[in-house]
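Raw upload08.cif, mmCIF, C-alpha atoms:
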data_my_file
loop_
_atom_site.label_atom_id
_atom_site.label_comp_id
_atom_site.auth_asym_id
_atom_site.auth_seq_id
_atom_site.Cartn_x
_atom_site.Cartn_y
_atom_site.Cartn_z
CA MET A 48 -10.86 3.39 21.59
CA ILE A 49 -10.84 0.36 19.31
CA PHE A 50 -8.55 1.28 16.41
CA LEU A 51 -9.43 -0.68 13.28
CA ASP A 52 -7.94 1.61 10.63
CA HIS A 53 -4.41 0.22 10.32
CA ALA A 54 -4.51 0.44 6.52
CA ALA A 55 -4.67 4.23 6.93
CA THR A 56 -1.79 4.39 9.39
CA THR A 57 -0.28 2.60 12.37
CA PRO A 58 1.04 3.85 15.73
CA VAL A 59 4.78 4.38 15.84
CA ARG A 60 6.44 1.55 17.71
CA GLN A 61 8.50 2.27 20.81
CA GLU A 62 11.48 0.38 19.40
CA VAL A 63 11.32 2.58 16.31
CA LEU A 64 11.25 5.78 18.34
CA GLU A 65 14.28 4.63 20.31
CA ALA A 66 16.18 3.67 17.15
CA MET A 67 15.61 7.00 15.40
CA TRP A 68 16.05 9.33 18.40
CA PRO A 69 19.88 9.59 18.26
CA TYR A 70 19.63 10.94 14.70
CA LEU A 71 17.16 13.59 15.79
CA SER A 72 19.43 14.73 18.61
CA GLY A 73 23.20 14.34 18.97
CA ALA A 74 23.96 12.51 15.71
CA PHE A 75 22.23 15.10 13.53
CA GLY A 76 24.84 15.34 10.77
CA ASN A 77 24.27 15.51 7.04
CA PRO A 78 25.31 12.15 5.54
CA SER A 79 26.90 13.97 2.59
CA SER A 80 29.19 16.03 4.83
CA ARG A 81 32.83 14.99 4.92
CA HIS A 82 33.50 15.21 8.62
CA GLY A 83 32.98 13.01 11.67
CA LEU A 84 29.39 14.04 12.33
CA GLY A 85 28.50 13.46 8.70
CA ASP A 86 30.23 10.07 8.75
CA VAL A 87 28.08 8.95 11.69
CA ALA A 88 24.96 9.83 9.72
CA ALA A 89 26.29 8.18 6.56
CA ARG A 90 27.00 4.94 8.45
CA ALA A 91 23.49 4.96 9.92
CA LEU A 92 22.01 5.47 6.47
CA ALA A 93 24.08 2.62 5.03
CA SER A 94 23.03 0.34 7.88
CA ALA A 95 19.36 1.18 7.34
CA ARG A 96 19.73 0.50 3.62
CA ALA A 97 21.27 -2.89 4.31
CA GLU A 98 18.52 -3.72 6.80
CA VAL A 99 15.79 -2.98 4.26
CA ALA A 100 17.65 -4.96 1.61
CA ALA A 101 17.83 -7.98 3.92
CA VAL A 102 14.05 -8.01 4.28
CA ILE A 103 13.39 -7.58 0.55
CA GLY A 104 16.16 -9.87 -0.62
CA CYS A 105 17.89 -7.28 -2.79
CA ARG A 106 21.19 -5.41 -2.82
CA PRO A 107 21.53 -2.39 -0.54
CA GLY A 108 22.13 -0.26 -3.62
CA ASP A 109 18.66 -1.18 -4.88
CA VAL A 110 17.02 0.71 -1.98
CA VAL A 111 15.98 4.30 -2.68
CA PHE A 112 14.66 6.04 0.42
CA THR A 113 11.62 8.24 -0.21
CA SER A 114 9.10 10.31 1.75
CA GLY A 115 6.56 7.47 1.60
CA GLY A 116 4.45 5.31 -0.65
CA THR A 117 3.08 8.10 -2.84
CA GLU A 118 6.53 9.34 -3.75
CA ALA A 119 7.74 5.78 -4.29
CA ASP A 120 4.85 5.08 -6.67
CA ASN A 121 5.42 8.35 -8.55
CA LEU A 122 9.13 7.65 -8.88
CA ALA A 123 8.47 4.09 -10.05
CA VAL A 124 5.82 4.83 -12.66
CA LYS A 125 7.28 8.06 -14.02
CA GLY A 126 10.92 7.13 -13.52
CA LEU A 127 10.75 3.68 -15.09
CA ALA A 128 8.54 4.75 -17.99
CA LEU A 129 10.52 7.86 -18.91
CA ALA A 130 13.86 6.04 -18.71
CA SER A 131 12.76 3.22 -21.00
CA PRO A 132 13.38 3.51 -24.74
CA ARG A 133 10.92 0.72 -25.57
CA GLY A 134 7.62 2.43 -26.20
CA ARG A 135 4.85 4.60 -24.85
CA HIS A 136 2.34 2.05 -23.55
CA LEU A 137 1.56 1.48 -19.87
CA VAL A 138 -0.66 -1.12 -18.20
CA VAL A 139 -2.27 -0.58 -14.79
CA SER A 140 -5.24 -2.10 -13.03
CA PRO A 141 -8.34 0.04 -12.40
CA ILE A 142 -8.07 -0.53 -8.64
CA GLU A 143 -4.58 0.89 -8.13
CA HIS A 144 -3.85 3.56 -5.54
CA GLU A 145 -4.32 7.10 -6.85
CA ALA A 146 -0.54 7.59 -6.75
CA VAL A 147 -0.17 5.06 -9.57
CA LEU A 148 -3.27 6.07 -11.53
CA GLU A 149 -2.49 9.78 -11.40
CA SER A 150 1.15 9.18 -12.35
CA ALA A 151 0.01 7.17 -15.37
CA ALA A 152 -2.47 9.91 -16.27
CA TYR A 153 0.33 12.49 -16.05
CA LEU A 154 2.48 10.47 -18.46
CA ALA A 155 -0.45 10.24 -20.88
CA ARG A 156 -1.21 13.95 -20.64
CA GLU A 157 2.31 15.37 -20.69
CA HIS A 158 4.43 12.74 -22.44
CA GLY A 159 2.15 11.05 -24.95
CA PHE A 160 1.90 7.66 -23.26
CA GLU A 161 -1.11 5.42 -23.84
CA VAL A 162 -2.53 3.84 -20.68
CA SER A 163 -4.53 0.60 -20.69
CA GLU A 164 -6.42 -0.80 -17.72
CA VAL A 165 -6.39 -4.56 -17.36
CA ASP A 166 -9.67 -6.19 -16.33
CA VAL A 167 -10.24 -7.34 -12.77
CA ASP A 168 -12.80 -9.94 -11.72
CA ALA A 169 -15.57 -9.43 -9.16
CA GLY A 170 -13.09 -9.98 -6.35
CA GLY A 171 -10.64 -7.47 -7.76
CA VAL A 172 -8.12 -10.06 -8.98
CA VAL A 173 -6.09 -9.52 -12.15
CA ARG A 174 -5.99 -12.89 -13.87
CA PRO A 175 -2.86 -13.77 -15.89
CA GLU A 176 -4.91 -14.35 -19.03
CA ALA A 177 -6.37 -10.85 -18.72
CA LEU A 178 -2.91 -9.31 -18.63
CA ALA A 179 -1.75 -11.48 -21.53
CA ARG A 180 -4.65 -10.16 -23.64
CA ILE A 181 -3.82 -6.51 -23.08
CA ILE A 182 -0.02 -6.41 -23.10
CA ARG A 183 1.67 -5.30 -26.34
CA ASP A 184 5.06 -5.24 -28.01
CA ASP A 185 5.40 -1.55 -27.14
CA THR A 186 4.36 -1.94 -23.48
CA THR A 187 7.11 -0.40 -21.40
CA LEU A 188 5.73 -0.83 -17.86
CA VAL A 189 3.11 -2.85 -16.01
CA SER A 190 2.16 -1.56 -12.54
CA ILE A 191 -0.15 -3.74 -10.45
CA GLN A 192 -0.36 -3.54 -6.67
CA LEU A 193 0.43 -6.54 -4.50
CA ALA A 194 -2.51 -5.91 -2.14
CA ASN A 195 -5.39 -3.46 -2.43
CA ASN A 196 -5.75 -0.75 0.17
CA GLU A 197 -9.57 -0.78 0.23
CA ILE A 198 -10.72 -4.36 -0.24
CA GLY A 199 -7.55 -6.25 0.67
CA THR A 200 -7.41 -8.35 -2.50
CA VAL A 201 -3.97 -9.88 -3.09
CA GLN A 202 -2.76 -10.11 -6.67
CA PRO A 203 -0.84 -13.08 -8.18
CA ILE A 204 2.18 -10.91 -8.91
CA ALA A 205 4.54 -13.87 -9.31
CA GLU A 206 2.29 -15.10 -12.16
CA LEU A 207 1.84 -11.66 -13.73
CA ALA A 208 5.49 -10.56 -13.77
CA PRO A 209 6.64 -13.22 -16.29
CA ILE A 210 3.91 -12.09 -18.69
CA ALA A 211 5.19 -8.52 -18.52
CA HIS A 212 8.77 -9.66 -18.96
CA SER A 213 7.92 -11.93 -21.88
CA ALA A 214 6.78 -8.82 -23.75
CA GLY A 215 9.93 -6.95 -22.74
CA ALA A 216 8.13 -4.70 -20.23
CA LEU A 217 9.17 -3.84 -16.70
CA MET A 218 7.02 -4.84 -13.72
CA HIS A 219 6.34 -2.61 -10.71
CA THR A 220 4.19 -3.48 -7.71
CA ASP A 221 2.83 -1.20 -5.02
CA ALA A 222 3.46 -3.29 -1.90
CA VAL A 223 2.56 -0.57 0.61
CA GLN A 224 -0.34 -2.50 2.17
CA ALA A 225 1.38 -5.88 1.93
CA ALA A 226 4.33 -5.08 4.19
CA GLY A 227 4.10 -6.97 7.46
CA TRP A 228 1.46 -9.34 6.10
CA LEU A 229 2.91 -10.96 2.96
CA PRO A 230 6.40 -12.12 1.87
CA LEU A 231 8.20 -9.35 0.00
CA SER A 232 11.06 -11.20 -1.69
CA LEU A 233 11.94 -9.30 -4.85
CA ASP A 234 13.06 -12.48 -6.59
CA ASP A 235 10.02 -14.55 -5.56
CA LEU A 236 7.67 -11.81 -6.75
CA GLY A 237 9.73 -11.41 -9.90
CA VAL A 238 9.30 -7.64 -10.10
CA ASP A 239 11.70 -4.92 -11.14
CA ALA A 240 10.51 -2.35 -8.61
CA LEU A 241 8.50 -2.36 -5.39
CA SER A 242 7.04 0.53 -3.34
CA LEU A 243 6.86 0.68 0.46
CA ALA A 244 5.65 3.13 3.12
CA GLY A 245 6.88 3.30 6.70
CA HIS A 246 3.73 4.43 8.45
CA LYS A 247 1.92 1.20 7.52
CA VAL A 248 4.38 -0.85 9.63
CA GLY A 249 4.97 1.25 12.73
CA ALA A 250 7.34 3.95 11.45
CA PRO A 251 6.52 7.67 11.30
CA LYS A 252 4.65 9.18 8.37
CA GLY A 253 6.92 10.60 5.70
CA THR A 254 9.17 7.54 5.44
CA GLY A 255 9.37 4.81 2.83
CA ALA A 256 11.35 3.40 -0.07
CA LEU A 257 11.31 2.36 -3.67
CA ILE A 258 13.18 -0.85 -4.33
CA VAL A 259 14.46 -0.87 -7.91
CA ARG A 260 16.90 -3.38 -9.34
CA GLY A 261 20.26 -1.74 -9.99
CA ARG A 262 20.36 -2.74 -13.64
CA VAL A 263 17.06 -0.99 -14.35
CA PRO A 264 17.32 2.62 -15.57
CA LEU A 265 15.32 5.15 -13.55
CA GLU A 266 14.69 8.76 -14.50
CA PRO A 267 14.70 10.87 -11.32
CA VAL A 268 11.65 12.93 -10.45
CA LEU A 269 13.59 15.17 -8.03
CA HIS A 270 16.76 16.84 -9.28
CA GLY A 271 19.48 18.44 -7.23
CA GLY A 272 22.48 17.13 -5.34
CA GLY A 273 22.38 13.60 -6.73
CA GLN A 274 21.73 11.72 -3.49
CA GLU A 275 20.51 8.10 -3.54
CA ARG A 276 22.90 7.33 -6.42
CA GLY A 277 21.32 10.09 -8.47
CA ARG A 278 17.84 8.58 -8.31
CA ARG A 279 16.33 10.82 -5.63
CA SER A 280 18.03 14.11 -4.85
CA GLY A 281 17.63 15.81 -1.50
CA THR A 282 19.40 15.49 1.84
CA GLU A 283 18.40 12.11 3.20
CA ASN A 284 16.10 11.82 6.19
CA VAL A 285 18.52 9.74 8.25
CA ALA A 286 16.26 9.37 11.29
CA GLY A 287 13.37 8.46 8.99
CA ALA A 288 15.43 5.87 7.13
CA VAL A 289 16.54 4.29 10.42
CA ALA A 290 12.94 4.30 11.66
CA PHE A 291 11.63 2.74 8.45
CA ALA A 292 14.29 0.03 8.38
CA THR A 293 13.71 -0.84 12.05
CA ALA A 294 9.93 -1.01 11.62
CA LEU A 295 10.16 -3.10 8.44
CA ARG A 296 12.53 -5.59 10.09
CA LEU A 297 10.29 -5.92 13.15
CA ALA A 298 7.21 -6.37 10.97
CA GLU A 299 8.96 -9.08 8.97
CA ASP A 300 10.17 -10.86 12.11
CA GLU A 301 6.62 -10.94 13.48
CA ARG A 302 4.81 -11.44 10.17
CA ALA A 303 3.83 -15.11 10.38
CA ASP A 304 2.36 -14.91 13.89
CA ALA A 305 0.70 -11.55 13.24
CA ALA A 306 -0.93 -12.76 10.03
CA THR A 307 -2.32 -15.87 11.71
CA HIS A 308 -3.65 -13.80 14.61
CA VAL A 309 -5.42 -11.15 12.54
CA ALA A 310 -6.77 -13.67 10.02
CA ALA A 311 -8.67 -15.43 12.82
CA LEU A 312 -10.00 -12.12 14.10
CA GLY A 313 -11.01 -11.03 10.62
CA THR A 314 -12.90 -14.27 10.10
CA ALA A 315 -14.69 -13.80 13.42
CA LEU A 316 -15.68 -10.21 12.55
CA THR A 317 -16.94 -11.24 9.12
CA ALA A 318 -19.02 -14.09 10.52
CA ALA A 319 -20.56 -11.96 13.27
CA VAL A 320 -21.49 -9.12 10.93
CA THR A 321 -22.80 -11.10 7.96
CA SER A 322 -24.83 -13.48 10.13
CA SER A 323 -26.57 -10.64 11.97
CA LEU A 324 -27.09 -8.02 9.27
CA PRO A 325 -29.15 -9.07 6.24
CA GLY A 326 -27.59 -7.93 2.98
CA ALA A 327 -24.17 -7.20 4.49
CA ARG A 328 -21.59 -8.18 1.89
CA LEU A 329 -17.85 -8.70 2.15
CA THR A 330 -16.01 -6.96 -0.71
CA GLY A 331 -12.86 -8.23 -2.38
CA ASP A 332 -11.75 -11.76 -3.07
CA PRO A 333 -12.86 -14.07 -0.23
CA VAL A 334 -9.64 -16.10 -0.35
CA GLN A 335 -6.87 -14.04 -1.99
CA ARG A 336 -6.92 -11.23 0.56
CA LEU A 337 -4.89 -9.62 3.31
CA PRO A 338 -5.52 -11.34 6.63
CA GLY A 339 -6.62 -8.23 8.53
CA THR A 340 -8.65 -6.32 5.94
CA VAL A 341 -12.42 -6.69 6.22
CA SER A 342 -14.54 -4.39 4.06
CA PHE A 343 -18.33 -4.50 3.78
CA VAL A 344 -21.12 -2.80 1.93
CA PHE A 345 -24.33 -2.34 3.92
CA PRO A 346 -27.37 -1.82 1.66
CA GLY A 347 -29.89 0.66 3.02
CA THR A 348 -27.29 2.77 4.82
CA SER A 349 -24.80 5.55 4.28
CA GLY A 350 -21.21 4.56 4.96
CA GLU A 351 -20.45 7.96 6.47
CA ALA A 352 -23.45 7.73 8.81
CA VAL A 353 -22.36 4.27 9.97
CA LEU A 354 -18.85 5.62 10.61
CA LEU A 355 -20.25 8.39 12.82
CA GLU A 356 -22.27 5.87 14.82
CA LEU A 357 -19.24 3.65 15.25
CA GLU A 358 -17.05 6.52 16.37
CA ARG A 359 -19.57 7.33 19.09
CA ASP A 360 -18.92 3.81 20.34
CA GLY A 361 -15.16 4.35 20.15
CA VAL A 362 -14.67 2.17 17.07
CA ILE A 363 -12.30 3.86 14.61
CA CYS A 364 -12.48 2.64 11.02
CA SER A 365 -13.01 4.16 7.57
CA SER A 366 -15.14 4.12 4.45
CA GLY A 367 -12.16 3.31 2.22
CA SER A 368 -8.81 4.83 1.33
CA ALA A 369 -7.72 7.62 3.66
CA CYS A 370 -6.14 9.32 0.64
CA ALA A 371 -9.61 9.77 -0.87
CA ALA A 372 -11.28 11.05 2.30
CA GLY A 373 -13.60 13.97 1.60
CA ASN A 374 -14.29 12.81 -1.95
CA ASP A 375 -18.03 12.50 -2.55
CA GLU A 376 -17.56 10.19 -5.53
CA PRO A 377 -18.02 6.43 -5.00
CA SER A 378 -14.83 4.42 -4.61
CA HIS A 379 -13.13 3.70 -7.94
CA VAL A 380 -12.07 0.36 -6.49
CA LEU A 381 -15.61 -0.76 -5.68
CA THR A 382 -17.10 0.44 -8.96
CA ALA A 383 -14.28 -1.33 -10.86
CA ILE A 384 -15.32 -4.66 -9.33
CA GLY A 385 -18.92 -4.14 -10.38
CA ILE A 386 -20.50 -2.62 -7.27
CA PRO A 387 -23.03 0.09 -8.24
CA GLY A 388 -22.14 3.62 -7.15
CA GLU A 389 -25.01 3.96 -4.68
CA LEU A 390 -24.12 0.68 -2.97
CA ALA A 391 -20.40 1.58 -3.01
CA GLN A 392 -21.20 4.61 -0.86
CA THR A 393 -22.36 2.29 1.93
CA ALA A 394 -18.87 0.77 2.30
CA VAL A 395 -17.10 0.52 5.65
CA ARG A 396 -13.56 -0.83 5.97
CA PHE A 397 -12.03 -2.43 9.07
CA THR A 398 -8.28 -3.08 9.06
CA LEU A 399 -6.81 -4.94 12.01
CA GLY A 400 -3.37 -4.81 13.58
CA ALA A 401 -1.22 -7.28 15.43
CA GLU A 402 -2.24 -5.68 18.74
CA THR A 403 -5.99 -6.07 18.04
CA THR A 404 -7.62 -8.42 20.57
CA GLU A 405 -10.49 -10.90 20.50
CA LEU A 406 -12.42 -8.78 22.99
CA GLU A 407 -12.03 -5.70 20.79
CA ILE A 408 -13.37 -7.60 17.80
CA ALA A 409 -16.34 -8.88 19.79
CA ASP A 410 -17.11 -5.35 20.98
CA ALA A 411 -16.58 -3.92 17.48
CA ALA A 412 -18.92 -6.50 15.93
CA ALA A 413 -21.65 -5.59 18.41
CA SER A 414 -21.12 -1.90 17.61
CA VAL A 415 -21.31 -2.54 13.86
CA ILE A 416 -24.57 -4.43 14.22
CA ARG A 417 -26.03 -1.65 16.36
CA ALA A 418 -24.75 1.14 14.09
CA VAL A 419 -25.97 -0.37 10.84
CA SER A 420 -29.34 -1.20 12.33
CA ALA A 421 -29.68 2.35 13.67
CA VAL A 422 -28.81 3.95 10.35
CA ARG A 423 -31.14 1.63 8.46
CA GLY A 424 -33.91 2.64 10.84
CA ILE A 425 -33.29 6.30 10.08
CA VAL A 426 -33.03 5.78 6.31
CA THR A 427 -36.25 3.77 6.08
CA THR A 428 -38.39 6.09 8.21
#
Hey, can you dump this file as structure tokens for me?
Amino acid sequence: MIFLDHAATTPVRQEVLEAMWPYLSGAFGNPSSRHGLGDVAARALASARAEVAAVIGCRPGDVVFTSGGTEADNLAVKGLALASPRGRHLVVSPIEHEAVLESAAYLAREHGFEVSEVDVDAGGVVRPEALARIIRDDTTLVSIQLANNEIGTVQPIAELAPIAHSAGALMHTDAVQAAGWLPLSLDDLGVDALSLAGHKVGAPKGTGALIVRGRVPLEPVLHGGGQERGRRSGTENVAGAVAFATALRLAEDERADAATHVAALGTALTAAVTSSLPGARLTGDPVQRLPGTVSFVFPGTSGEAVLLELERDGVICSSGSACAAGNDEPSHVLTAIGIPGELAQTAVRFTLGAETTELEIADAAASVIRAVSAVRGIVTT
């Protein structure tokens, strides 16, 4: 198997399994319990919080552990907007993850917010001037992802955040896909909140965090025992927090070498495919992109049919976001950057990992060329 779907999920690292195992076995206490077993769990939770904070460059108290990126995005968008007294206007981009778009839609439907979508260019980039045109005096929150999960486009968040702040709005970024590939310094990005998911960096599914500056008010989405400083009630997943913190630290330690490695492989895959398949087109910004995300549209094919052909060859990839799998509608990301719906349904996404090899990419490229050619032959006959 050649696994090229790391944007959907990643294998759990051995170091992560070893780090979390004690808290799934002997040290199974509730961190809120006031006895020795609970204290062990509480210390592990505090250590994990500090480890995440060291990677992000924030205070440990700014780390809110969640069940993953979707919860982190929901808590950020709903929690920041509902806690703010400023106004009822939100700004998002049209290529955000569904967790952000659906949260914004909920606020519009149930709480009277107005949601505006800032324009993106043909590469999916939000330009600062576009945000400046749409932001208003009553804008309370701007939520724009750091890196797109389908096309890999990286946004100039450090340039966008000051525009939001100049209008008095808060700035949130969904950094789920950026972890392990891009710097995540809260201060360098200039954001007030940042979402992360563990299973994108070698931790188990169901782990993640929202980083939110301590001075920023946050309305909880979950109510109960007041854990996570009242921002996210529910008994903490200690083993999950330890796993997430370990995976995030390892990903950050290896980030520079991993990014260089996968960028070269991504370039090789792009060159092989586009030089051999007429009409094959790379989607997303050709420069401002994640190093290991390579997404194409293949005119004259069906993306699903190409995926089936590739899987027969042992190449595992996707047609876009795993969260939208089974949806017959064309990708909202691709249509937002101007790709017609019919062409958008020919998309195939390859996302590489640090363990991906040159030989795997050479074999995958040959399989892509064969698969697309085979499907085109069927479609045109």
Please, which residues in stretch 56-126 of chain A fall within 8 Å of stretch 294-316 of chain A when counting all atoms listed in the file, and what is the closest atom pair and distance in Å to one decimal for each, ordered by chain then residue number, as a Markdown table?
| residue | atom | partner | partner_atom | distance |
| --- | --- | --- | --- | --- |
| A:Arg60 | CA | A:Ala294 | CA | 7.5 |
| A:Val63 | CA | A:Ala294 | CA | 6.1 |
| A:Glu98 | CA | A:Arg296 | CA | 7.1 |
| A:Val99 | CA | A:Leu295 | CA | 7.0 |
| A:Val102 | CA | A:Arg296 | CA | 6.5 |
Which one is closest to A:Leu188: A:Val419, A:Ala95, A:Leu243, A:Ala130? Count all atoms listed in the file.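 For A:Leu188, the nearest of the given residues is A:Ala130.
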Please build the interface table for stretch 186-266 of chain A against stretch 375-381 of chain A with a cut-off of 12 Å, listing for each qualifying residue the nearest atom pair and the distance in Å to one decimal; count only C-alpha atoms, order rows by chain and increasing number, and write it as a Markdown table.
| residue | atom | partner | partner_atom | distance |
| --- | --- | --- | --- | --- |
| A:Asn195 | CA | A:Val380 | CA | 8.7 |
| A:Asn196 | CA | A:Val380 | CA | 9.2 |
| A:Glu197 | CA | A:Val380 | CA | 7.3 |
| A:Ile198 | CA | A:Val380 | CA | 7.9 |
| A:Gly199 | CA | A:Val380 | CA | 10.7 |
| A:Thr200 | CA | A:Val380 | CA | 10.7 |
Listing only residues of stretch 244-345 of chain A within 12 Å of stretch 232-238 of chain A, what is the closest atom pair and its distance in Å (to one decimal) for each, using all atoms listed in the file, sorted by chain and residue number ascending, as a tab-separated table?
residue	atom	partner	partner_atom	distance
A:Leu257	CA	A:Leu233	CA	11.7
A:Ile258	CA	A:Leu233	CA	8.6
A:Val259	CA	A:Val238	CA	8.8
A:Arg260	CA	A:Val238	CA	8.7
A:Val263	CA	A:Val238	CA	11.1
A:Glu299	CA	A:Ser232	CA	11.1
Considering only C-alpha atoms, return as a short mmCIF file (atom, residue, chain, number, x, y, z; two decimals) with C-alpha atoms, in the coordinates of the input whatever protein or nucleic-acid residues lie within 10 Å of A:Glu389, sequence-local ones (same chain, fewer than 4 positions apart) excluded.
data_model
loop_
_atom_site.label_atom_id
_atom_site.label_comp_id
_atom_site.auth_asym_id
_atom_site.auth_seq_id
_atom_site.Cartn_x
_atom_site.Cartn_y
_atom_site.Cartn_z
CA PRO A 346 -27.37 -1.82 1.66
CA GLY A 347 -29.89 0.66 3.02
CA THR A 348 -27.29 2.77 4.82
CA SER A 349 -24.80 5.55 4.28
CA GLU A 376 -17.56 10.19 -5.53
CA PRO A 377 -18.02 6.43 -5.00
CA THR A 382 -17.10 0.44 -8.96
CA THR A 393 -22.36 2.29 1.93
CA ALA A 394 -18.87 0.77 2.30
#
Hits from the PyMOL selection byres ((chain A and resi 69) around 12), listed as an mmCIF file with C-alpha atoms, keeping the file's coordinate frame:
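Output contents, as saved in selection11.cif:
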data_model
loop_
_atom_site.group_PDB
_atom_site.id
_atom_site.type_symbol
_atom_site.label_atom_id
_atom_site.label_comp_id
_atom_site.auth_asym_id
_atom_site.auth_seq_id
_atom_site.Cartn_x
_atom_site.Cartn_y
_atom_site.Cartn_z
ATOM 1 C CA VAL A 63 11.320 2.580 16.310
ATOM 2 C CA LEU A 64 11.250 5.780 18.340
ATOM 3 C CA GLU A 65 14.280 4.630 20.310
ATOM 4 C CA ALA A 66 16.180 3.670 17.150
ATOM 5 C CA MET A 67 15.610 7.000 15.400
ATOM 6 C CA TRP A 68 16.050 9.330 18.400
ATOM 7 C CA TYR A 70 19.630 10.940 14.700
ATOM 8 C CA LEU A 71 17.160 13.590 15.790
ATOM 9 C CA SER A 72 19.430 14.730 18.610
ATOM 10 C CA GLY A 73 23.200 14.340 18.970
ATOM 11 C CA ALA A 74 23.960 12.510 15.710
ATOM 12 C CA PHE A 75 22.230 15.100 13.530
ATOM 13 C CA GLY A 76 24.840 15.340 10.770
ATOM 14 C CA VAL A 87 28.080 8.950 11.690
ATOM 15 C CA ALA A 88 24.960 9.830 9.720
ATOM 16 C CA ALA A 91 23.490 4.960 9.920
ATOM 17 C CA VAL A 285 18.520 9.740 8.250
ATOM 18 C CA ALA A 286 16.260 9.370 11.290
ATOM 19 C CA GLY A 287 13.370 8.460 8.990
ATOM 20 C CA VAL A 289 16.540 4.290 10.420
ATOM 21 C CA ALA A 290 12.940 4.300 11.660
#
If you measure from atom CA of A:Ser131 to atom CA of A:Leu265, what distance in Å do you get, rounded to one decimal?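 Taking atom CA of A:Ser131 as the start and atom CA of A:Leu265 as the end point, the length is 8.1 Å.
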Name the residues in contact with A:Glu206 at a cut-off of 9 Å, using all atoms listed in the file, excluding same-chain residues fewer than 2 positions from it; report them as a list in words.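 Close residues of A:Glu206: Arg174, Pro175, Gln202, Pro203, Ile204, Ala208, Pro209, Ile210, Leu236 and Gly237 of chain A.
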Writer output for current selection, C-alpha atoms, as a PDB file, in the coordinates of the input:
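See again_34.pdb below for the written result:
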ATOM      1  CA  ARG A 174      -5.990 -12.890 -13.870  1.00  0.00           C
ATOM      2  CA  PRO A 175      -2.860 -13.770 -15.890  1.00  0.00           C
ATOM      3  CA  GLN A 202      -2.760 -10.110  -6.670  1.00  0.00           C
ATOM      4  CA  PRO A 203      -0.840 -13.080  -8.180  1.00  0.00           C
ATOM      5  CA  ILE A 204       2.180 -10.910  -8.910  1.00  0.00           C
ATOM      6  CA  ALA A 208       5.490 -10.560 -13.770  1.00  0.00           C
ATOM      7  CA  PRO A 209       6.640 -13.220 -16.290  1.00  0.00           C
ATOM      8  CA  ILE A 210       3.910 -12.090 -18.690  1.00  0.00           C
ATOM      9  CA  LEU A 236       7.670 -11.810  -6.750  1.00  0.00           C
ATOM     10  CA  GLY A 237       9.730 -11.410  -9.900  1.00  0.00           C
TER      11      GLY A 237
END
Near A:Gly116, within 10 Å and counting only C-alpha atoms, which residues show up once chain neighbours fewer than 4 positions away are dropped, as a PyMOL selection string? chain A and resi 120-122+144+146+221-224+241-247+252-257
List the residues sitting within 12 Å of (-23.3, -13.6, 16.6) in the file's frame, using only C-alpha atoms, as number ranges by chain. A: 315-324, 408-416
Return as a list in words the set of residues that the PyMOL selection byres ((chain A and resi 149) around 12) yields on the displayed structure. Thr117, Glu118, Asp120, Asn121, Val124, Lys125, Val139, Pro141, Glu143, His144, Glu145, Ala146, Val147, Leu148, Ser150, Ala151, Ala152, Tyr153, Leu154, Ala155, Arg156, Glu157 and Val162 of chain A
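The space separating atom CA of A:Ala211 from atom CA of A:Asp109 comes to 20.5 Å.
One distance worth recording is that between atom CA of A:Leu137 and atom CA of A:Ala169, which is 23.0 Å.
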Near A:Arg133, counting all atoms listed in the file, which residues have an atom at most 12 Å away, once you skip same-chain residues fewer than 6 positions from it, shown as a PyMOL selection string? chain A and resi 127+160+183-188+214-217
With C-alpha atoms retained, could you export that selection as a PDB file, in the frame of the given file?
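Listing of out18.pdb after writing:
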ATOM      1  CA  LEU A 127      10.750   3.680 -15.090  1.00  0.00           C
ATOM      2  CA  PHE A 160       1.900   7.660 -23.260  1.00  0.00           C
ATOM      3  CA  ARG A 183       1.670  -5.300 -26.340  1.00  0.00           C
ATOM      4  CA  ASP A 184       5.060  -5.240 -28.010  1.00  0.00           C
ATOM      5  CA  ASP A 185       5.400  -1.550 -27.140  1.00  0.00           C
ATOM      6  CA  THR A 186       4.360  -1.940 -23.480  1.00  0.00           C
ATOM      7  CA  THR A 187       7.110  -0.400 -21.400  1.00  0.00           C
ATOM      8  CA  LEU A 188       5.730  -0.830 -17.860  1.00  0.00           C
ATOM      9  CA  ALA A 214       6.780  -8.820 -23.750  1.00  0.00           C
ATOM     10  CA  GLY A 215       9.930  -6.950 -22.740  1.00  0.00           C
ATOM     11  CA  ALA A 216       8.130  -4.700 -20.230  1.00  0.00           C
ATOM     12  CA  LEU A 217       9.170  -3.840 -16.700  1.00  0.00           C
TER      13      LEU A 217
END
